[in-house]
Structures are given as C-alpha cells and as structure tokens.
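Q: You'll find protein27.txt just under this line, and it carries compact mmCIF, C-alpha atoms.
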# COMPACT_ATOMS: atom_id res chain seq x y z
CA MET A 1 0.00 0.00 0.00
CA ILE A 2 1.40 3.35 -1.00
CA ARG A 3 1.21 5.81 1.87
CA LEU A 4 1.58 9.13 0.15
CA LEU A 5 0.73 12.54 1.45
CA THR A 6 1.03 15.74 -0.54
CA LEU A 7 0.86 18.87 1.41
CA GLY A 8 1.68 22.57 1.55
CA PHE A 9 2.21 24.98 4.41
CA LEU A 10 2.64 28.73 4.85
CA PHE A 11 4.59 30.83 7.31
CA ALA A 12 4.13 34.54 7.96
CA THR A 13 4.51 36.84 10.93
CA VAL A 14 1.08 37.82 12.22
CA THR A 15 -0.56 38.96 15.40
CA PRO A 16 -1.28 36.17 17.91
CA LEU A 17 -4.40 34.11 17.26
CA SER A 18 -7.31 34.19 19.68
CA ALA A 19 -7.21 31.04 21.79
CA GLN A 20 -10.10 28.60 21.46
CA ASP A 21 -11.73 30.28 18.44
CA PRO A 22 -11.39 27.58 15.74
CA ALA A 23 -13.01 29.68 13.01
CA GLU A 24 -10.53 32.52 13.54
CA ILE A 25 -7.54 30.18 13.76
CA ALA A 26 -8.51 28.24 10.62
CA GLY A 27 -9.48 31.40 8.74
CA ARG A 28 -6.17 33.09 9.48
CA ALA A 29 -4.20 30.01 8.40
CA SER A 30 -6.28 29.82 5.21
CA ARG A 31 -5.59 33.45 4.28
CA LEU A 32 -1.86 33.14 4.97
CA TYR A 33 -1.64 29.94 2.94
CA ARG A 34 -2.48 31.79 -0.28
CA GLY A 35 0.94 33.47 -0.35
CA LEU A 36 3.04 30.29 -0.30
CA THR A 37 5.33 29.69 -3.30
CA SER A 38 7.64 27.03 -1.87
CA LEU A 39 8.40 25.13 1.30
CA ARG A 40 11.40 23.22 2.61
CA ALA A 41 11.31 21.42 5.96
CA GLU A 42 12.47 18.44 7.91
CA PHE A 43 9.72 15.98 8.74
CA VAL A 44 8.88 13.06 10.98
CA GLN A 45 5.97 10.92 9.84
CA VAL A 46 4.20 8.29 11.95
CA ILE A 47 1.70 5.90 10.36
CA GLU A 48 -0.51 3.79 12.58
CA ASP A 49 -2.16 0.85 10.83
CA ARG A 50 -4.09 -1.89 12.61
CA MET A 51 -2.89 -4.43 10.04
CA ILE A 52 0.86 -3.77 10.14
CA GLY A 53 1.36 -1.75 13.33
CA THR A 54 3.17 1.58 13.67
CA GLN A 55 5.81 2.84 11.25
CA GLN A 56 7.98 5.93 11.66
CA ALA A 57 10.02 7.71 9.02
CA ALA A 58 12.00 10.94 8.76
CA GLY A 59 13.66 13.09 6.16
CA GLU A 60 13.40 16.33 4.19
CA LEU A 61 10.39 17.63 2.27
CA ILE A 62 10.44 20.22 -0.51
CA GLN A 63 7.34 21.51 -2.26
CA ALA A 64 6.56 24.09 -4.94
CA GLY A 65 2.95 24.62 -5.94
CA ASN A 66 0.29 21.91 -5.88
CA ALA A 67 1.92 19.36 -8.17
CA GLN A 68 5.64 19.26 -7.31
CA LEU A 69 6.87 17.65 -4.13
CA VAL A 70 9.77 15.51 -3.01
CA MET A 71 10.16 13.59 0.24
CA ARG A 72 13.69 12.23 0.61
CA PHE A 73 14.07 9.94 3.58
CA SER A 74 17.02 9.74 5.94
CA ASP A 75 15.17 6.98 7.79
CA PRO A 76 14.80 4.66 5.91
CA GLN A 77 17.95 5.91 4.20
CA GLY A 78 17.61 6.26 0.43
CA ASP A 79 13.82 5.99 0.17
CA ALA A 80 12.07 8.75 -1.78
CA ILE A 81 8.65 9.90 -2.97
CA VAL A 82 8.77 12.35 -5.87
CA LEU A 83 5.93 14.22 -7.59
CA ASP A 84 7.43 15.71 -10.74
CA GLY A 85 4.27 17.43 -11.99
CA THR A 86 3.24 14.49 -14.20
CA TYR A 87 4.00 11.30 -12.26
CA VAL A 88 4.41 10.05 -8.72
CA TRP A 89 7.59 8.03 -8.21
CA VAL A 90 7.77 5.80 -5.14
CA TYR A 91 11.25 4.41 -4.53
CA THR A 92 11.65 2.27 -1.41
CA PRO A 93 14.84 0.19 -1.62
CA SER A 94 14.52 -0.40 2.14
CA THR A 95 11.58 -2.74 1.52
CA THR A 96 11.39 -3.40 -2.25
CA PRO A 97 14.91 -3.14 -3.72
CA GLY A 98 15.42 -3.14 -7.45
CA GLN A 99 12.21 -1.39 -8.42
CA VAL A 100 10.48 1.99 -8.49
CA ILE A 101 6.72 2.48 -8.80
CA ARG A 102 5.45 5.11 -11.23
CA MET A 103 1.86 6.32 -11.05
CA GLU A 104 -0.17 9.02 -12.71
CA LEU A 105 -0.25 12.12 -10.53
CA PRO A 106 -3.44 12.20 -8.43
CA HIS A 107 -5.53 15.04 -9.77
CA ASP A 108 -8.22 17.15 -8.19
CA PRO A 109 -9.76 19.73 -10.55
CA VAL A 110 -9.58 22.42 -7.86
CA TYR A 111 -6.69 21.60 -5.53
CA GLY A 112 -4.44 19.19 -7.37
CA PRO A 113 -2.85 16.63 -5.03
CA ASN A 114 -2.40 19.18 -2.25
CA VAL A 115 -4.21 17.96 0.88
CA LEU A 116 -3.74 21.14 2.91
CA SER A 117 -5.00 23.23 0.02
CA ARG A 118 -8.18 21.17 0.20
CA ILE A 119 -8.49 21.48 3.97
CA LEU A 120 -7.74 25.20 4.22
CA ASP A 121 -10.00 26.34 1.38
CA ARG A 122 -13.07 28.07 2.89
CA PRO A 123 -12.74 26.02 6.08
CA THR A 124 -15.64 27.64 7.92
CA GLU A 125 -18.00 26.77 5.04
CA ARG A 126 -16.79 23.25 4.31
CA TYR A 127 -15.99 21.78 7.73
CA GLN A 128 -17.28 21.43 11.23
CA LEU A 129 -14.51 23.10 13.26
CA ARG A 130 -13.59 22.44 16.87
CA TRP A 131 -10.73 23.67 19.04
CA VAL A 132 -9.16 20.53 20.51
CA GLY A 133 -6.47 21.96 22.76
CA ARG A 134 -3.11 23.58 23.08
CA GLU A 135 0.22 21.82 22.73
CA VAL A 136 3.90 22.76 22.57
CA ILE A 137 5.50 21.30 19.43
CA ASP A 138 9.22 21.84 18.80
CA ASP A 139 9.22 24.58 21.49
CA VAL A 140 6.33 26.37 19.73
CA GLU A 141 2.93 26.84 21.37
CA THR A 142 0.16 25.69 19.06
CA ASP A 143 -3.62 25.46 18.90
CA GLY A 144 -5.20 22.31 17.51
CA VAL A 145 -8.22 22.66 15.22
CA GLU A 146 -10.29 19.65 14.19
CA PHE A 147 -11.76 19.61 10.65
CA VAL A 148 -14.66 17.23 9.97
CA PRO A 149 -15.96 17.49 6.38
CA ASN A 150 -19.58 18.54 5.91
CA VAL A 151 -19.63 16.35 2.78
CA ALA A 152 -17.77 13.04 2.49
CA ASP A 153 -14.14 13.59 1.47
CA PRO A 154 -12.36 10.91 -0.63
CA LEU A 155 -9.16 11.17 1.41
CA PHE A 156 -10.01 11.53 5.08
CA ARG A 157 -12.86 11.58 7.57
CA ARG A 158 -11.17 13.83 10.13
CA ALA A 159 -8.11 16.07 10.26
CA VAL A 160 -6.43 18.03 13.03
CA ILE A 161 -3.99 20.83 12.24
CA TRP A 162 -1.81 22.23 15.03
CA ILE A 163 -1.10 25.88 14.24
CA ASP A 164 1.56 28.15 15.74
CA ARG A 165 -0.36 30.57 17.96
CA THR A 166 1.88 33.53 17.14
CA ARG A 167 2.84 33.04 13.51
CA GLY A 168 -0.05 31.08 11.98
CA LEU A 169 2.26 28.26 10.85
CA PRO A 170 0.94 24.67 10.77
CA ARG A 171 3.37 22.52 12.74
CA ARG A 172 1.56 19.18 12.75
CA LEU A 173 -1.03 17.51 10.57
CA GLU A 174 -3.03 14.51 11.78
CA LEU A 175 -5.26 12.59 9.36
CA ASP A 176 -7.75 9.80 9.98
CA GLU A 177 -7.77 8.37 6.47
CA LEU A 178 -10.60 6.38 4.90
CA THR A 179 -8.30 3.36 4.69
CA GLY A 180 -8.24 3.21 8.50
CA ILE A 181 -4.71 4.64 8.72
CA HIS A 182 -3.93 7.39 11.21
CA ARG A 183 -1.11 9.59 9.93
CA THR A 184 0.83 12.24 11.84
CA LEU A 185 3.30 14.55 10.11
CA ASP A 186 5.48 16.97 12.11
CA LEU A 187 7.48 19.70 10.37
CA THR A 188 10.55 21.45 11.77
CA ARG A 189 13.23 23.83 10.44
CA ILE A 190 10.74 25.23 7.96
CA ARG A 191 12.01 27.56 5.22
CA LEU A 192 9.53 29.22 2.90
CA ASN A 193 9.32 30.98 -0.44
CA ALA A 194 12.94 30.40 -1.50
CA PRO A 195 13.54 29.71 -5.21
CA VAL A 196 13.40 26.00 -6.06
CA SER A 197 14.73 24.53 -9.30
CA ASP A 198 12.54 22.16 -11.32
CA LYS A 199 15.50 19.75 -11.22
CA THR A 200 14.73 19.26 -7.54
CA PHE A 201 11.61 17.32 -8.59
CA ALA A 202 13.16 15.20 -11.34
CA PHE A 203 13.49 11.53 -10.39
CA GLN A 204 16.52 9.80 -11.89
CA VAL A 205 15.94 6.06 -12.11
CA PRO A 206 19.02 4.32 -10.68
CA SER A 207 20.89 1.93 -12.94
CA GLY A 208 19.41 -1.56 -12.86
CA VAL A 209 16.18 -0.48 -11.20
CA ARG A 210 12.96 -1.69 -12.87
CA ILE A 211 10.02 0.71 -13.39
CA ILE A 212 6.65 -0.68 -12.23
CA ILE A 213 3.78 1.28 -13.80
CA GLN A 214 0.55 1.50 -11.82
Give the structure from the file, written as structure tokens.

A:
Amino acid sequence: MIRLLTLGFLFATVTPLSAQDPAEIAGRASRLYRGLTSLRAEFVQVIEDRMIGTQQAAGELIQAGNAQLVMRFSDPQGDAIVLDGTYVWVYTPSTTPGQVIRMELPHDPVYGPNVLSRILDRPTERYQLRWVGREVIDDVETDGVEFVPNVADPLFRRAVIWIDRTRGLPRRLELDELTGIHRTLDLTRIRLNAPVSDKTFAFQVPSGVRIIIQ
C-alpha cells in the first residue's frame, strides 16, 4: 500500500491568534496559505495501521505549488517519494529493492494533489470546526483545530492541524484516512518561499532499477 501525502504549508509573521476560536484560527491560516510559493522542511511521519502496526520515518520535504513535491528519507535511508508534476515516483529500496513504482499524478480539478489546500479552502464553510487543545511542538505553542468534512471527502474523515499561535504556521497535521490509517506529520526547520529549481523534482531512475507502472 502506498502511503503518500502531498501537502503545503505557509509561514508569515502575524498577530497572535485568539485562543479557542477555531473559526478565527482556521481562517487566518487559510488566508496566509495563499501566499506560499515554496516550502522546505524536515519531517517526521508516523503511520498507525491496525494491520501492520506503527511505522515511523524521517527526512526532508520540498514543495513548490500543488503538483511538485519531493520527500527524501534519511530513515529509511535512500527511500524517496517524488511528484514531478506528471507522475508520482515511489522508490523504497529499504523494503522493495530493485524497483520503483510510477503512477499518474493524483488530480483534483480544484486543488491538485495538495491535501492542505483542500483542507484550508473556505474552512468555515466546508468543515465542522472544533478547538481541541493547546500543545507545545518543537518549542512552539500551538492550537489544535479539528476539521470534519460537511460532505464526504475521498481522502479523510477527520483532520487536526496544530497551528503556531503567534505566527499562523501549521506545525503538525493529523489525518484519519478512509483506509483506516492514522497519519501524523510533524514539520521542523521550515524555510519558505525560496527559489526551487525544477531539477529538484526530477526523479533519476538508478541503474538496474525496474520501473513498475501502476
């Protein structure tokens, strides 16, 4: 099973958010998100699956726009997920050496494959919002906002975004996916809006590696 998440985040300096007002918190994050051109961050991802247990991975994530993203893993070393704008490449030599999976890029006519773009678009109209608490993540105080879709979503039934109370920056995304998987993604050392070359998102098939088309 391919566990792929495409996302985008925005950072900007803003006035502190009002505690416990989920509509204000989500609305501010939504407005700030519009200005994002690129993101680079370190990530830790935890996937909880009743069938296979809990898996943790870490690495660096780079994104530009809705259709270009690369996740290069330091744990497991050498694994990578690359969205080059046309295809998704899933290369996991840690578990399936000698092959790379190539898939058509998931396409949404409005948001592309960008999950956060979907969640943060008109959040007060499209979701039931609830403030779920306050938590310190990577020495940053955050507010958690729960998003439950008003209409069935093909990707998830519930999401929680933990947003920096001072700067409006999402620090953690939790998804309860329709497959039964619970996914948590933490971002640290976030750098935004720096120029990113298209070469960053080009996957070079290693010599001797077979392409599996799905």

Q: Is there a way to get, as a count of residues only, all residues within 9 Å of the point (8.1, 19.5, 13.2) in file coordinates, counting all atoms listed in the file?

A: 14

Q: Considering all atoms listed in the file, can you say which of A:Gln45, A:Val100, A:Gly53, A:Arg183 comes closest to Phe73 of chain A?

A: A:Gln45

Q: Please compute the atom CA of Ile25 of chain A-atom CA of Trp131 of chain A distance, one decimal, in Å.

A: 9.0 Å

Q: Show me, as a PyMOL selection string, the residues that have an atom within 12 Å of Lys199 of chain A when counting all atoms listed in the file, minus same-chain residues fewer than 3 positions from it.

A: chain A and resi 62+64+68-70+82-85+195-196+202-204

Q: Have a look at atom CA of Ile163 of chain A and atom CA of Glu135 of chain A and let me know their distance in Å, one decimal.

A: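 We find that atom CA of Ile163 of chain A and atom CA of Glu135 of chain A lie 9.5 Å from each other.
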
Q: Please compute the atom CA of Gly78 of chain A-atom CA of Ser94 of chain A distance, one decimal, in Å.

A: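 Atom CA of Gly78 of chain A sits 7.5 Å away from atom CA of Ser94 of chain A.
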
Q: Which one is closest to Thr86 of chain A: A:Glu174, A:Asp164, A:Ser74, A:Ala67? Count only C-alpha atoms.

A: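 Using only C-alpha atoms, Thr86 of chain A sits closest to A:Ala67.
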
Q: Go through A:Asn66, A:Gly98, A:Asp21, A:Glu60 and flag the residue nearest Ser207 of chain A, using all atoms listed in the file for the distances.

A: A:Gly98

Q: Point out the residue among A:Met103, A:Ala26, A:Leu36, A:Ile181 with the least atom-to-atom distance to Trp162 of chain A, counting all atoms listed in the file.

A: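 Looking only at the distances to Trp162 of chain A, the closest residue turns out to be A:Ala26.
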
Q: Tell me which residues come within 9 Å of (-9.3, 28.8, 13.5), as JSON, numbers by chain, counting all atoms listed in the file in the file's coordinates.

A: {"A": [17, 18, 19, 20, 21, 22, 23, 24, 25, 26, 27, 28, 29, 30, 123, 124, 129, 130, 131, 143, 144, 145, 163]}

Q: Please tabulate, as CSV, the residues of segment 64-163 of chain A that come within 10 Å of segment 54-59 of chain A, each with its closest pair of atoms and the distance in Å to one decimal, counting all atoms listed in the file and ordering rows by chain, then residue number upward.

A:
residue,atom,partner,partner_atom,distance
A:Met71,CA,A:Gly59,CA,6.9
A:Arg72,CA,A:Gly59,CA,5.6
A:Phe73,CA,A:Gly59,CA,4.1
A:Ser74,CA,A:Gly59,CA,4.7
A:Asp75,CA,A:Ala58,CA,5.2
A:Pro76,CA,A:Ala57,CA,6.5
A:Gln77,CA,A:Gly59,CA,8.6
A:Gly78,CA,A:Gly59,CA,9.8
A:Asp79,CA,A:Gly59,CA,9.3
A:Ala80,CA,A:Gly59,CA,9.2

Q: So, with all atoms listed in the file as the atoms that count, which of A:Asp198, A:Asp49, A:Asp176, A:Asp153 lies closest to Arg118 of chain A?

A: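 Of all the options, A:Asp153 lies closest to Arg118 of chain A.
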
Q: For Phe156 of chain A, which of A:Gln63, A:Gln128, A:Thr92, A:Thr179 is the closest residue, counting all atoms listed in the file?

A: A:Thr179
